[in-house]
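One structure is given here, and the rest of the page talks about it.
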Amino acid sequence: MIQKMKSVLVVGPKSDFSQIVDVLYHMGTIHLEEVSEYLQPGSGNVRKILTCSMTDIPVLLATIEGISLLLPAVKDRSNLTAQRYEEISHLSTPEVIARVSHVVGIVGETVRDLSTKKSDLEIAITGLDRYEKIIDKIQPLEQQLPVLHGYEVTVLVIQKEYEDVLEIIRPALSDLTNGQFELISADLDEQTIAVITVFNKHYSENVHRFLFSKNINEVRIPADYSNMPLDKALLLIDKNRRDAGSEKDTIDNDLTRVSQEWGHELAALQKVLTERGEELSAYNNFGETDYTVMVLGWVPKKLIPKTRSALNEAFQGRVVMTETDATTETMDRAPISYDNPRWVRPFEFLMKLASPPQYNEIDPTPLMAIFFPIFFGIIVGDIGYGILILVVGLFIRFRFGAITWLRQISGILIISSFPAIFFGYLFGEFFGNFGQMMGWLEPVTLFGITWDRIEAMIPLLVLTIAIGVFHVVLGLAIGVVNSITRKNRKHTCEKCGMIGVIAGLILVLCLVAGLLPEALYIPAFILLGIAVAFVIYGGGTGGAIEIMGTVGNILSYVRLMAIGMASVILAMVANELGGSMDVLALGVFIAVMLHTLNLMLAMFSPSIHSVRLHVVEFYSKFYHGGGLPYRPFSSGDKPGMIDGKK
Amino acid sequence: MAWEVAIGAAIAFAGGAIATGWAQSRIGAAGAATIAERPEAAGSVIVLEAIPETMVILGFVVAAMIVIMVR
């Protein structure tokens with residue numbers, strides 16, 4: 001059901017404004033409304049509070065986030081962060097901003113310098129690795145190169161897939177250098193080949209221009225390594241890399257030290273600053289006079305005493321909170337918060353498929369919590385599958401209970417497994433007909449019908465249509481209540497008329513089937529006529545067409561029987577196929593595989609169809625939705641909190 | 001069972017199945033595009049995908065009734 005909400009107005013002295021906002025924010029019970037939107041005519045000098053300058057806060061938050069990203073992770077220091085948060089949270093917003101600026105000034109520059117140096121060293125190490133790889137490859141070719149003074153050596157790196165380009169380079173170089181060149185190639189790795197060219201320095205400019213024009217990747221070995229034998233160059237690269245690595249380790253240690261020293265302070269400052277930013281961004285909602293400030297909003301009825309006592313404790317009566325019930329005029333603005341019993345709460349997950357109900361309409365969650373498991377049970381209708389679904393539900397609950405949506409799904413599975421077991425007993429099913437094959441159980445005979453799903457198709461058909469009639473009429477009845485609440489006479493007439501049409505059609509069907517005396521024909525048709533008139537009055541031509549839609553909705557409940565029957569037949573196939581195998585292990589394997597498939601389908605398909613019967617067939621009779629979710633003014637769970645690093 | 005009965009039941013079921021398949025293919029394609037842009041709409045898309053199944057279910061019911069009731 002929907003939680004009762006109270007419209008509240010908090011009034012206090014202007015001097016306490018920021019503390020009032022802070023107390024309300026940390027209470028996290030009030031759903032704010034903009035005061036200016038609801039100022040009554042003649043409310044005199046009440047005006048909207050203009051937003052304070054917030055430009056500093058986002059910039060400082062971005063700076064802290066940037067610093068925290070550069071700092072390495074350190075071990076959990078949440079206790080230190082909490083202590084520091086407690087200390088900082090008592091400061092005023094300007095004091096917090098000053099403290100953040102101070103800390104950022106000290107830490108920011110150091111961290112940036114260290115990070116830049118580290119980044120440069122990483123680039124240098126990557127470059128050295130590349131040079132080493134190339135030199136390592138071309139070293140064996142060194143002996144093949146002519147030892148000539150006044151000649152230049154250039155290394156080209158070419159993707160293997162473009163190897164054919166060598167056939168273009170070779171004649172071109174020959175032309176450019178008048179044949180005074182040498183070209184040797186070798187595989188660098190799986191994707192690239194290295195090509196070494198030696199040519200007279202006299203042609204250097206032309207050669208480089210040509211290579212550039214052909215977009216060929218020319219590796220220029222730095223001067224430090226180019227004027228020495230390759231083995232010496234390799235040794236020098238190795239030494240320089242070790243030096244750079246050692247320097248990088250020193251910087252890492254420095255950054256870790258900074259993270260240990262300042263990480264908790266930065267985390268606490270970020271949290272406080274985020275909260276202050278949110279508080280400031282809410283200022284537009286508040287109103288003020290010359291001496292007072294006003295906060296308007298909604299608080300759940302059961303949280304009113306807690307909110308009031310928090311304000312009294314903080315301000316010793318200087319701040320007053322008045323509350324009023326939601327009226328017909330204010331109901332449309334009241335936010336929605338569910339307050340359901342424990343067994344209904346998992347089904348709030350399924351309610352997310354539709355928008356939240358409006359404050360002044362009936363919350364269908366408890367009804368879904370009743371009918372969903374019944375529909376699920378009728379479709380699954382198997383003791384074996386029911387037990388396994390219960391086990392899966394319990395496993396999810398104990399293994400992943402911390403994740404809200406998985407906990408809700410596990411709750412739905414656990415609750416729905418009991419009707420599945422019950423209907424399994426009624427239909428005499430234990431992994432399809434396995435229970436019957438073993439002589440463990442038989443379908444129950446009730447009301448003169450043996451409820452075997454394969455044999456009793458017609459009774460099941462009638463039963464599911466009867467369930468459909470009941471469910472749809474219940475939806476229409478709730479629609480009548482909702483339209484009376486909204487004082488919408490036409491809707492009331494349409495819904496009542498539709499109930500009359502369904503009753504009239506059932507009467508006529510019973511008369512045609514000879515279940516009722518023929519004398520009732522005339523009253524049945526009179527009832528139908530009046531009901532259709534009501535429907536047309538309430539809904540116009542669309543209402544008349546809706547009659548066909550409603551009949552279709554009722555027939556749609558036949559799926560409860562049809563999908564269940566498909567599941568039984570698949571289970572029977574699993575048993576028959578498994579039983580027909582000559583090798584016992586193979587038979588068991590096939591049966592287990594098919595039953596597993598059927599079980600997975602049994603958890604998914606009945607859920608989808610039960611939800612669909614609610615959302616499409618049931619809700620369409622009364623549900624409007626479009627309610628405003630209750631969003632309390634609070635910190636909640638803030639992502640991106642850091643302690644050294646997120 | 002007369003072969004006409006079996007053929008009649010098969011036609012009744014096949015008509016619903018083909019119609020459902022066609023409708024679900026269209027809804028599925030649109031639904032996949034919707035989820036790609038708005039993942040939060042997944043729940044609604046799954047319900048929409050289940051809507052045309054009414055046709056095959058009613059086809060199944062008609063087929064079952066033909067088999068059971070037509071002698």
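By convention here, the chains of the structure tokens are called A, B, ... in the order presented, each chain's residues are numbered starting at 1, and ligands are numbered starting at 1 in the order presented.
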Compile the residues of chain A that lie within 6 Å of chain B, evaluated using only C-alpha atoms, and express the compilation as number ranges by chain. A: 353, 559, 612
Report as a PyMOL selection string all protein, DNA and RNA residues lying within 12 Å of Gly549 in chain A, evaluated on only C-alpha atoms, omitting residues in the same chain fewer than 6 positions from it. chain A and resi 472+498+502+542-543+555-556+616-617+620-621
Applying 8 Å and only C-alpha atoms, which residues near Gly8 in chain B remain after dropping the ones on its own chain fewer than 3 positions away? List them as an mmCIF file with C-alpha atoms, in the first residue's frame.
data_model
loop_
_atom_site.group_PDB
_atom_site.id
_atom_site.type_symbol
_atom_site.label_atom_id
_atom_site.label_comp_id
_atom_site.auth_asym_id
_atom_site.auth_seq_id
_atom_site.Cartn_x
_atom_site.Cartn_y
_atom_site.Cartn_z
ATOM 1 C CA GLU B 4 -9.492 -33.966 -41.176
ATOM 2 C CA VAL B 5 -9.649 -33.318 -37.444
ATOM 3 C CA ILE B 11 -4.173 -25.234 -39.105
ATOM 4 C CA ALA B 12 -5.750 -23.577 -36.052
ATOM 5 C CA ALA B 63 -6.767 -26.850 -31.690
ATOM 6 C CA ILE B 66 -11.123 -29.462 -32.118
#
Pick from A:Ile421, A:His624, A:Ile379, A:Thr550, whichever lies nearest to Met565 in chain A using only C-alpha atoms: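 Ranking A:Ile421, A:His624, A:Ile379, A:Thr550 by distance to Met565 in chain A, first place goes to A:Ile379.
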When you draw a straight line from CA of Tyr537 in chain A to CA of Tyr623 in chain A, how long is it in Å?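 Going from CA of Tyr537 in chain A over to CA of Tyr623 in chain A covers 20.5 Å.
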Residues within 10 Å of Arg631 in chain A, please, as a list in words. Count only C-alpha atoms; anything in the same chain fewer than 2 positions from it doesn't count. Gly28, Thr29, Ile30, His31, Leu32, Trp298, Pro335, Ile336, Ser337, Leu628, Pro629, Phe633 and Ser634 of chain A
Write a file of the just-selected residues containing N, CA and C atoms, as an mmCIF file, in the first residue's frame.
data_model
loop_
_atom_site.group_PDB
_atom_site.id
_atom_site.type_symbol
_atom_site.label_atom_id
_atom_site.label_comp_id
_atom_site.auth_asym_id
_atom_site.auth_seq_id
_atom_site.Cartn_x
_atom_site.Cartn_y
_atom_site.Cartn_z
ATOM 1 N N GLY A 28 17.029 13.395 6.099
ATOM 2 C CA GLY A 28 16.676 12.630 4.892
ATOM 3 C C GLY A 28 15.245 12.136 4.869
ATOM 4 N N THR A 29 14.317 12.946 5.392
ATOM 5 C CA THR A 29 12.913 12.497 5.404
ATOM 6 C C THR A 29 12.012 13.354 4.525
ATOM 7 N N ILE A 30 12.446 14.544 4.180
ATOM 8 C CA ILE A 30 11.539 15.475 3.492
ATOM 9 C C ILE A 30 11.740 15.431 1.969
ATOM 10 N N HIS A 31 10.630 15.336 1.271
ATOM 11 C CA HIS A 31 10.625 15.427 -0.199
ATOM 12 C C HIS A 31 10.279 16.883 -0.515
ATOM 13 N N LEU A 32 11.249 17.631 -1.043
ATOM 14 C CA LEU A 32 11.086 19.081 -1.173
ATOM 15 C C LEU A 32 10.121 19.475 -2.286
ATOM 16 N N TRP A 298 7.030 17.162 1.599
ATOM 17 C CA TRP A 298 6.208 16.038 2.047
ATOM 18 C C TRP A 298 7.068 15.105 2.888
ATOM 19 N N PRO A 335 4.141 12.740 -3.166
ATOM 20 C CA PRO A 335 5.001 11.673 -3.713
ATOM 21 C C PRO A 335 4.573 10.295 -3.194
ATOM 22 N N ILE A 336 5.019 9.285 -3.912
ATOM 23 C CA ILE A 336 4.624 7.912 -3.599
ATOM 24 C C ILE A 336 5.763 7.168 -2.917
ATOM 25 N N SER A 337 5.431 6.582 -1.780
ATOM 26 C CA SER A 337 6.398 5.715 -1.113
ATOM 27 C C SER A 337 5.640 4.476 -0.645
ATOM 28 N N LEU A 628 4.442 10.378 -8.558
ATOM 29 C CA LEU A 628 5.766 10.968 -8.356
ATOM 30 C C LEU A 628 6.495 10.152 -7.286
ATOM 31 N N PRO A 629 7.643 9.539 -7.605
ATOM 32 C CA PRO A 629 8.328 8.759 -6.561
ATOM 33 C C PRO A 629 8.834 9.667 -5.432
ATOM 34 N N PHE A 633 15.153 14.558 0.466
ATOM 35 C CA PHE A 633 16.315 15.459 0.376
ATOM 36 C C PHE A 633 17.385 14.900 1.318
ATOM 37 N N SER A 634 18.310 14.129 0.744
ATOM 38 C CA SER A 634 19.299 13.472 1.600
ATOM 39 C C SER A 634 20.531 13.128 0.790
#
In range 353-546 of chain A, what's strand (DSSP E) per DSSP? Answer as a VMD selection string? chain A and resid 445 to 446 449 to 450
How would the residues just chosen look if you wrote them out with C-alpha atoms as a PDB file, in the first residue's frame?
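Saved to part_20.pdb:
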ATOM      1  CA  THR A 445     -10.301 -35.680  -7.617  1.00  0.00           C
ATOM      2  CA  LEU A 446     -12.122 -32.550  -6.520  1.00  0.00           C
ATOM      3  CA  ILE A 449     -13.162 -33.815 -11.586  1.00  0.00           C
ATOM      4  CA  THR A 450      -9.816 -35.588 -11.660  1.00  0.00           C
TER       5      THR A 450
END
Could you work out how far CA of Gly317 in chain A lies from CA of Lys14 in chain A, giving the answer in Å with one decimal? 14.2 Å
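For the residues A:Phe17, A:Trp262, A:Tyr630, A:Tyr425, ranking by smallest atom-to-atom distance to Val319 in chain A using only C-alpha atoms places A:Phe17 first.
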When you draw a straight line from CA of Val70 in chain B to CA of Val462 in chain A, how long is it in Å?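 CA of Val70 in chain B sits 18.1 Å away from CA of Val462 in chain A.
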Check range 278-490 of chain A with DSSP on the backbone and list each residue it calls helix (DSSP H, G or I), as a ChimeraX atom specification. /A:278-281,283-285,301-315,331-333,345-351,365-380,383-400,404-427,434-437,457-485,489-490
Spatial neighbours of Met1 in chain A, 8 Å, only C-alpha atoms, chain gap at least 3 places, as a list in words: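 After dropping sequence-adjacent residues, the list is Tyr338, Asp339, Asn340, Ile362, Asp363, Pro364, Thr365 and Pro366 of chain A.
Residue nearest Ile216 in chain A, chosen from A:Asp113, A:Asp254, A:Asp120, A:Glu163 and counting only C-alpha atoms: A:Glu163.
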Nearest-residue call for Ala17 in chain B, choices B:Ala30, B:Pro52, B:Val67, B:Trp3, using only C-alpha atoms: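 Of B:Ala30, B:Pro52, B:Val67, B:Trp3, the one nearest Ala17 in chain B is B:Pro52, counting only C-alpha atoms.
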